[in-house]
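S.K.: Mind having a look at this structure? Questions to follow.
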Amino acid sequence: MADGAEALRRDARVIGLVGLAHGTSHFYHVILAALIPWLKPAFQLSYAELGLLMTVFFTVSGVGQAMAGFVVDRFGARSVLFGGISLLGISALLLSGAHSYTMLVLGAFVAGCGNSVFHPADYTILNQHVARTRLAHGFSVHAISGNIGWAVSPLFLTFVASHTDWRTALLCAAAVPCAVLALLVWQRDALRSRPSAAHAGGAAEGSFAFLRLRVVWMCFAFFLISAAALAGIQSFAVTSLVMLYGMPLAWAASGYTAYMAASAVGTLYGGFLGAGSVRHERAIMLAFALAALMALVLATAVVPSWLALVLMGLIGLVTGVAGPSRDLMIRSATPANATGRVFGVVYSGLDSGLALGPLLFGALMDGGHPAGVFVGIGVFQALVIVTALGVGGQVRPPQPQTA
């Protein structure tokens, strides 16, 4: 009994520390989007130019993430994770001192480099340290922490910028990874990771064998398409709600907050749902079908503004439920000793979608089509169903194993 309680404490410690790091990563996903009302007039930028900054961030992150997976498997996840957190703090300092669009691009580039390490490092640590019976809950907390980062970032940055200025807001943002890094270094023994057996043995050809698996690229497509929909919500849903429904900016921002808060609740439930299921694609398909339908309803602008905010929350709820099932589905497709590489390549699809999405949705906004933002979100969410079906058809339910 005592051994079981001690194992639970160890797992909870690792899950909590990794979740904190992941939340810091997601906090930085939206620091530029949150400051659009200040950056646009300060630098005389179009929505497309603002979208390009986010495209730079996620393009660099996506390319770097695929490479970071190999580095994690070669040298271990802990030091790579520490380096990524450090780069996030440096990027905020660069952005706070920007006096030109080029400097903003440079700051976005450095932030993308820092962000690239988190998924391969996080999932490697979780898979190496957390018991299989609690892994679904670990993935759930990991996703929730990301949602919290997304939700807290715009509130934090807009509050500071409203009371001071956007440069001070970014300086305050730089303090976040510094504090998190200090805590992780203090607790570094809990995050100790080992290189994969394939890399330790020098099997170079085997290191790339997973790239021949069709299911890996189906997972990549799943993330790319779902992230494109998420990019529309993160970048321009608030502005679109203001234009479509005539609601105040504060109301529209609360719609995004409702999306993120409900997503966290859905992810918490999704951890229990995923732990008791072996056909994870079914939950994913149902969730995204409902989300797509509600996004199309928002595009019509026929519902009252209060109901639009409710729909935003419901979209977050159902997509949050799908999160742990998504991660477990990817884990089922991962060959032995390739966790960092597979999660790095697959999750680079997430960054690719978040890179492409702002360009597409920014062009729609510049063209005066706010409804097109929600139509695009709905279409991408519907396409997710196709990829989930493809992945689920190739992944066999896992056989019972000893944890």
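If you're wondering about the labels, chains in the structure tokens are A, B, ... by order shown, residues count from 1 in each chain, ligands from 1 in order shown.
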Applying 12 Å and only C-alpha atoms, which residues near region 286-289 of chain A remain after dropping the ones on its own chain fewer than 2 positions away? List them as a PyMOL selection string.
M.R.: chain A and resi 222+225-226+229-230+263+266-267+270+280-284+291-296+314-323+325-326+377-389
S.K.: Compile the contact shell of Gly16 (chain A) as a ChimeraX atom specification: residues with an atom at most 12 Å away, counting only C-alpha atoms, same-chain residues fewer than 2 positions apart removed.
M.R.: /A:8-14,18-23,122,125-126,130,137-145,180,183-184,187,190-191
S.K.: Name the closest residue to Cys178 (chain A) among the candidates A:Phe82, A:Phe361, A:Tyr101, A:Tyr347; distances are taken between atoms, counting only C-alpha atoms.
M.R.: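 Distance minimum relative to Cys178 (chain A) lands on A:Phe82.
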S.K.: With only C-alpha atoms as the counted atoms, please give the residues lying no more than 10 Å from region 244-249 of chain A, apart from itself and same-chain residues fewer than 2 positions off, as a PyMOL selection string.
M.R.: chain A and resi 238-242+251-255+298-306+308+369-371
S.K.: For N, CA and C atoms, I'd like the residues from the last selection saved as a PDB file, in the first residue's frame.
M.R.:
ATOM      1  N   VAL A 238     -11.989  36.335 -31.856  1.00  0.00           N
ATOM      2  CA  VAL A 238     -12.468  37.469 -31.062  1.00  0.00           C
ATOM      3  C   VAL A 238     -12.862  38.632 -31.962  1.00  0.00           C
ATOM      4  N   THR A 239     -11.979  38.984 -32.903  1.00  0.00           N
ATOM      5  CA  THR A 239     -12.278  40.075 -33.833  1.00  0.00           C
ATOM      6  C   THR A 239     -13.495  39.753 -34.687  1.00  0.00           C
ATOM      7  N   SER A 240     -13.631  38.496 -35.104  1.00  0.00           N
ATOM      8  CA  SER A 240     -14.776  38.091 -35.919  1.00  0.00           C
ATOM      9  C   SER A 240     -16.078  38.195 -35.140  1.00  0.00           C
ATOM     10  N   LEU A 241     -16.063  37.812 -33.869  1.00  0.00           N
ATOM     11  CA  LEU A 241     -17.266  37.933 -33.052  1.00  0.00           C
ATOM     12  C   LEU A 241     -17.705  39.387 -32.917  1.00  0.00           C
ATOM     13  N   VAL A 242     -16.747  40.282 -32.745  1.00  0.00           N
ATOM     14  CA  VAL A 242     -17.071  41.709 -32.652  1.00  0.00           C
ATOM     15  C   VAL A 242     -17.747  42.185 -33.931  1.00  0.00           C
ATOM     16  N   TRP A 251     -16.619  41.380 -24.280  1.00  0.00           N
ATOM     17  CA  TRP A 251     -17.513  40.227 -24.407  1.00  0.00           C
ATOM     18  C   TRP A 251     -16.903  39.177 -25.333  1.00  0.00           C
ATOM     19  N   ALA A 252     -16.407  39.646 -26.471  1.00  0.00           N
ATOM     20  CA  ALA A 252     -15.833  38.723 -27.443  1.00  0.00           C
ATOM     21  C   ALA A 252     -14.625  38.000 -26.847  1.00  0.00           C
ATOM     22  N   ALA A 253     -13.796  38.724 -26.084  1.00  0.00           N
ATOM     23  CA  ALA A 253     -12.646  38.100 -25.442  1.00  0.00           C
ATOM     24  C   ALA A 253     -13.095  37.054 -24.423  1.00  0.00           C
ATOM     25  N   SER A 254     -14.218  37.299 -23.768  1.00  0.00           N
ATOM     26  CA  SER A 254     -14.727  36.309 -22.815  1.00  0.00           C
ATOM     27  C   SER A 254     -15.175  35.041 -23.539  1.00  0.00           C
ATOM     28  N   GLY A 255     -15.550  35.165 -24.819  1.00  0.00           N
ATOM     29  CA  GLY A 255     -15.890  33.988 -25.605  1.00  0.00           C
ATOM     30  C   GLY A 255     -14.681  33.090 -25.800  1.00  0.00           C
ATOM     31  N   LEU A 298     -22.117  29.547 -35.817  1.00  0.00           N
ATOM     32  CA  LEU A 298     -21.559  30.855 -35.479  1.00  0.00           C
ATOM     33  C   LEU A 298     -21.359  31.716 -36.722  1.00  0.00           C
ATOM     34  N   ALA A 299     -20.971  31.091 -37.829  1.00  0.00           N
ATOM     35  CA  ALA A 299     -20.723  31.843 -39.058  1.00  0.00           C
ATOM     36  C   ALA A 299     -21.981  32.498 -39.603  1.00  0.00           C
ATOM     37  N   THR A 300     -23.147  31.908 -39.320  1.00  0.00           N
ATOM     38  CA  THR A 300     -24.395  32.464 -39.857  1.00  0.00           C
ATOM     39  C   THR A 300     -24.831  33.731 -39.142  1.00  0.00           C
ATOM     40  N   ALA A 301     -24.353  33.942 -37.911  1.00  0.00           N
ATOM     41  CA  ALA A 301     -24.711  35.120 -37.100  1.00  0.00           C
ATOM     42  C   ALA A 301     -26.217  35.234 -36.883  1.00  0.00           C
ATOM     43  N   VAL A 302     -26.922  34.107 -36.832  1.00  0.00           N
ATOM     44  CA  VAL A 302     -28.375  34.138 -36.627  1.00  0.00           C
ATOM     45  C   VAL A 302     -28.744  33.941 -35.157  1.00  0.00           C
ATOM     46  N   VAL A 303     -27.785  33.583 -34.328  1.00  0.00           N
ATOM     47  CA  VAL A 303     -28.076  33.371 -32.910  1.00  0.00           C
ATOM     48  C   VAL A 303     -27.762  34.661 -32.145  1.00  0.00           C
ATOM     49  N   PRO A 304     -28.388  34.872 -30.998  1.00  0.00           N
ATOM     50  CA  PRO A 304     -28.065  36.063 -30.194  1.00  0.00           C
ATOM     51  C   PRO A 304     -26.626  35.998 -29.692  1.00  0.00           C
ATOM     52  N   SER A 305     -26.096  37.168 -29.324  1.00  0.00           N
ATOM     53  CA  SER A 305     -24.684  37.240 -28.954  1.00  0.00           C
ATOM     54  C   SER A 305     -24.365  36.379 -27.734  1.00  0.00           C
ATOM     55  N   TRP A 306     -25.292  36.302 -26.772  1.00  0.00           N
ATOM     56  CA  TRP A 306     -25.011  35.486 -25.585  1.00  0.00           C
ATOM     57  C   TRP A 306     -24.884  34.013 -25.951  1.00  0.00           C
ATOM     58  N   ALA A 308     -23.839  32.949 -28.847  1.00  0.00           N
ATOM     59  CA  ALA A 308     -22.566  32.802 -29.556  1.00  0.00           C
ATOM     60  C   ALA A 308     -21.438  32.492 -28.576  1.00  0.00           C
ATOM     61  N   HIS A 369     -14.263  39.447 -44.502  1.00  0.00           N
ATOM     62  CA  HIS A 369     -15.109  38.244 -44.420  1.00  0.00           C
ATOM     63  C   HIS A 369     -14.988  37.597 -43.037  1.00  0.00           C
ATOM     64  N   PRO A 370     -15.484  38.246 -42.002  1.00  0.00           N
ATOM     65  CA  PRO A 370     -15.383  37.631 -40.665  1.00  0.00           C
ATOM     66  C   PRO A 370     -16.134  36.310 -40.556  1.00  0.00           C
ATOM     67  N   ALA A 371     -17.247  36.167 -41.284  1.00  0.00           N
ATOM     68  CA  ALA A 371     -17.972  34.890 -41.249  1.00  0.00           C
ATOM     69  C   ALA A 371     -17.128  33.771 -41.832  1.00  0.00           C
TER      70      ALA A 371
END
S.K.: Which is closest to Gly357 (chain A) among A:Ala182, A:Leu53, A:Leu307, A:Ala261, if we use only C-alpha atoms?
M.R.: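 For Gly357 (chain A), the nearest of the given residues is A:Leu53.
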S.K.: From a DSSP pass on the backbone, collect the residues of region 185-328 of chain A flagged as helix (DSSP H, G or I) and hand them back as a ChimeraX atom specification.
M.R.: /A:185-186,188-191,197-200,204-207,209-212,214-245,249-275,280-300,305-328
S.K.: Can you pull out the residues contacting Phe118 (chain A)? Cut-off 9 Å, using only C-alpha atoms, and skip same-chain residues under 6 positions away; I want them as an NGL selection string.
M.R.: :A and (21-22 or 25 or 65 or 68 or 80-81 or 84-85 or 344)
S.K.: Produce a file of the selected residues containing N, CA and C atoms, as a PDB file, in the first residue's frame.
M.R.:
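Saved as selection_33.pdb:
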ATOM      1  N   ALA A  21       5.715  23.107 -17.492  1.00  0.00           N
ATOM      2  CA  ALA A  21       6.540  23.474 -18.643  1.00  0.00           C
ATOM      3  C   ALA A  21       5.683  23.634 -19.894  1.00  0.00           C
ATOM      4  N   HIS A  22       4.739  22.713 -20.082  1.00  0.00           N
ATOM      5  CA  HIS A  22       3.878  22.778 -21.265  1.00  0.00           C
ATOM      6  C   HIS A  22       2.987  24.010 -21.239  1.00  0.00           C
ATOM      7  N   SER A  25       4.929  26.922 -22.494  1.00  0.00           N
ATOM      8  CA  SER A  25       5.017  26.901 -23.953  1.00  0.00           C
ATOM      9  C   SER A  25       3.770  27.502 -24.581  1.00  0.00           C
ATOM     10  N   GLN A  65      10.737  21.176 -34.247  1.00  0.00           N
ATOM     11  CA  GLN A  65      10.171  20.096 -33.447  1.00  0.00           C
ATOM     12  C   GLN A  65      10.517  18.729 -34.020  1.00  0.00           C
ATOM     13  N   ALA A  68      14.021  18.251 -33.075  1.00  0.00           N
ATOM     14  CA  ALA A  68      14.189  18.133 -31.633  1.00  0.00           C
ATOM     15  C   ALA A  68      13.892  16.722 -31.145  1.00  0.00           C
ATOM     16  N   VAL A  80      17.211  19.278 -23.028  1.00  0.00           N
ATOM     17  CA  VAL A  80      16.565  19.904 -24.180  1.00  0.00           C
ATOM     18  C   VAL A  80      15.395  20.771 -23.724  1.00  0.00           C
ATOM     19  N   LEU A  81      14.632  20.269 -22.763  1.00  0.00           N
ATOM     20  CA  LEU A  81      13.508  21.024 -22.223  1.00  0.00           C
ATOM     21  C   LEU A  81      13.987  22.314 -21.561  1.00  0.00           C
ATOM     22  N   GLY A  84      14.825  24.935 -24.201  1.00  0.00           N
ATOM     23  CA  GLY A  84      13.647  25.530 -24.833  1.00  0.00           C
ATOM     24  C   GLY A  84      13.012  26.603 -23.975  1.00  0.00           C
ATOM     25  N   ILE A  85      12.896  26.344 -22.674  1.00  0.00           N
ATOM     26  CA  ILE A  85      12.313  27.332 -21.765  1.00  0.00           C
ATOM     27  C   ILE A  85      13.174  28.597 -21.739  1.00  0.00           C
ATOM     28  N   GLY A 344       7.853  14.193 -32.103  1.00  0.00           N
ATOM     29  CA  GLY A 344       8.415  15.386 -32.721  1.00  0.00           C
ATOM     30  C   GLY A 344       7.892  15.603 -34.126  1.00  0.00           C
TER      31      GLY A 344
END
S.K.: Which residues are close to Leu364 (chain A), i.e. within 10 Å by only C-alpha atoms, leaving aside same-chain residues fewer than 6 positions away? Reply as a PyMOL selection string.
M.R.: chain A and resi 47-48+236+358+370-373+376
S.K.: Take the residues from that selection and put them in a file with N, CA and C atoms, as an mmCIF file, in the first residue's frame.
M.R.:
data_model
loop_
_atom_site.group_PDB
_atom_site.id
_atom_site.type_symbol
_atom_site.label_atom_id
_atom_site.label_comp_id
_atom_site.auth_asym_id
_atom_site.auth_seq_id
_atom_site.Cartn_x
_atom_site.Cartn_y
_atom_site.Cartn_z
ATOM 1 N N TYR A 47 -3.484 42.999 -41.009
ATOM 2 C CA TYR A 47 -3.766 41.732 -40.343
ATOM 3 C C TYR A 47 -2.907 40.605 -40.934
ATOM 4 N N ALA A 48 -2.663 40.658 -42.248
ATOM 5 C CA ALA A 48 -1.828 39.638 -42.879
ATOM 6 C C ALA A 48 -0.396 39.691 -42.342
ATOM 7 N N PHE A 236 -8.206 35.072 -34.695
ATOM 8 C CA PHE A 236 -9.181 36.026 -35.197
ATOM 9 C C PHE A 236 -10.627 35.769 -34.779
ATOM 10 N N PRO A 358 -3.016 31.346 -39.526
ATOM 11 C CA PRO A 358 -3.086 32.808 -39.444
ATOM 12 C C PRO A 358 -3.007 33.501 -40.799
ATOM 13 N N PRO A 370 -15.484 38.246 -42.002
ATOM 14 C CA PRO A 370 -15.383 37.631 -40.665
ATOM 15 C C PRO A 370 -16.134 36.310 -40.556
ATOM 16 N N ALA A 371 -17.247 36.167 -41.284
ATOM 17 C CA ALA A 371 -17.972 34.890 -41.249
ATOM 18 C C ALA A 371 -17.128 33.771 -41.832
ATOM 19 N N GLY A 372 -16.274 34.119 -42.803
ATOM 20 C CA GLY A 372 -15.409 33.116 -43.412
ATOM 21 C C GLY A 372 -14.448 32.484 -42.417
ATOM 22 N N VAL A 373 -14.128 33.211 -41.351
ATOM 23 C CA VAL A 373 -13.254 32.645 -40.321
ATOM 24 C C VAL A 373 -13.917 31.426 -39.690
ATOM 25 N N GLY A 376 -14.262 28.546 -42.211
ATOM 26 C CA GLY A 376 -12.991 27.838 -42.344
ATOM 27 C C GLY A 376 -12.707 26.938 -41.163
#
S.K.: Can you pull out every residue within 7 Å of Val30 (chain A), counting only C-alpha atoms, but drop anything in the same chain fewer than 2 positions away, and send it as a VMD selection string?
M.R.: chain A and resid 27 to 28 32 to 34 150 153 to 154
S.K.: Save out the residues we just selected, C-alpha atoms, as a compact mmCIF listing (two decimals), in the first residue's frame.
M.R.:
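Final output, saved to part-v7.txt:
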# COMPACT_ATOMS: atom_id res chain seq x y z
CA PHE A 27 1.51 30.89 -22.87
CA TYR A 28 3.97 31.98 -25.55
CA LEU A 32 1.72 38.23 -30.22
CA ALA A 33 -1.95 37.56 -30.94
CA ALA A 34 -2.91 39.01 -27.54
CA TRP A 150 -3.54 29.75 -23.79
CA SER A 153 -1.69 34.61 -21.68
CA PRO A 154 -4.17 37.06 -23.30
S.K.: Of the residues A:Tyr256, A:Phe57, A:Phe223, A:Trp166, which is the one nearest to Leu39 (chain A), using only C-alpha atoms?
M.R.: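 For Leu39 (chain A), the nearest of the given residues is A:Trp166.
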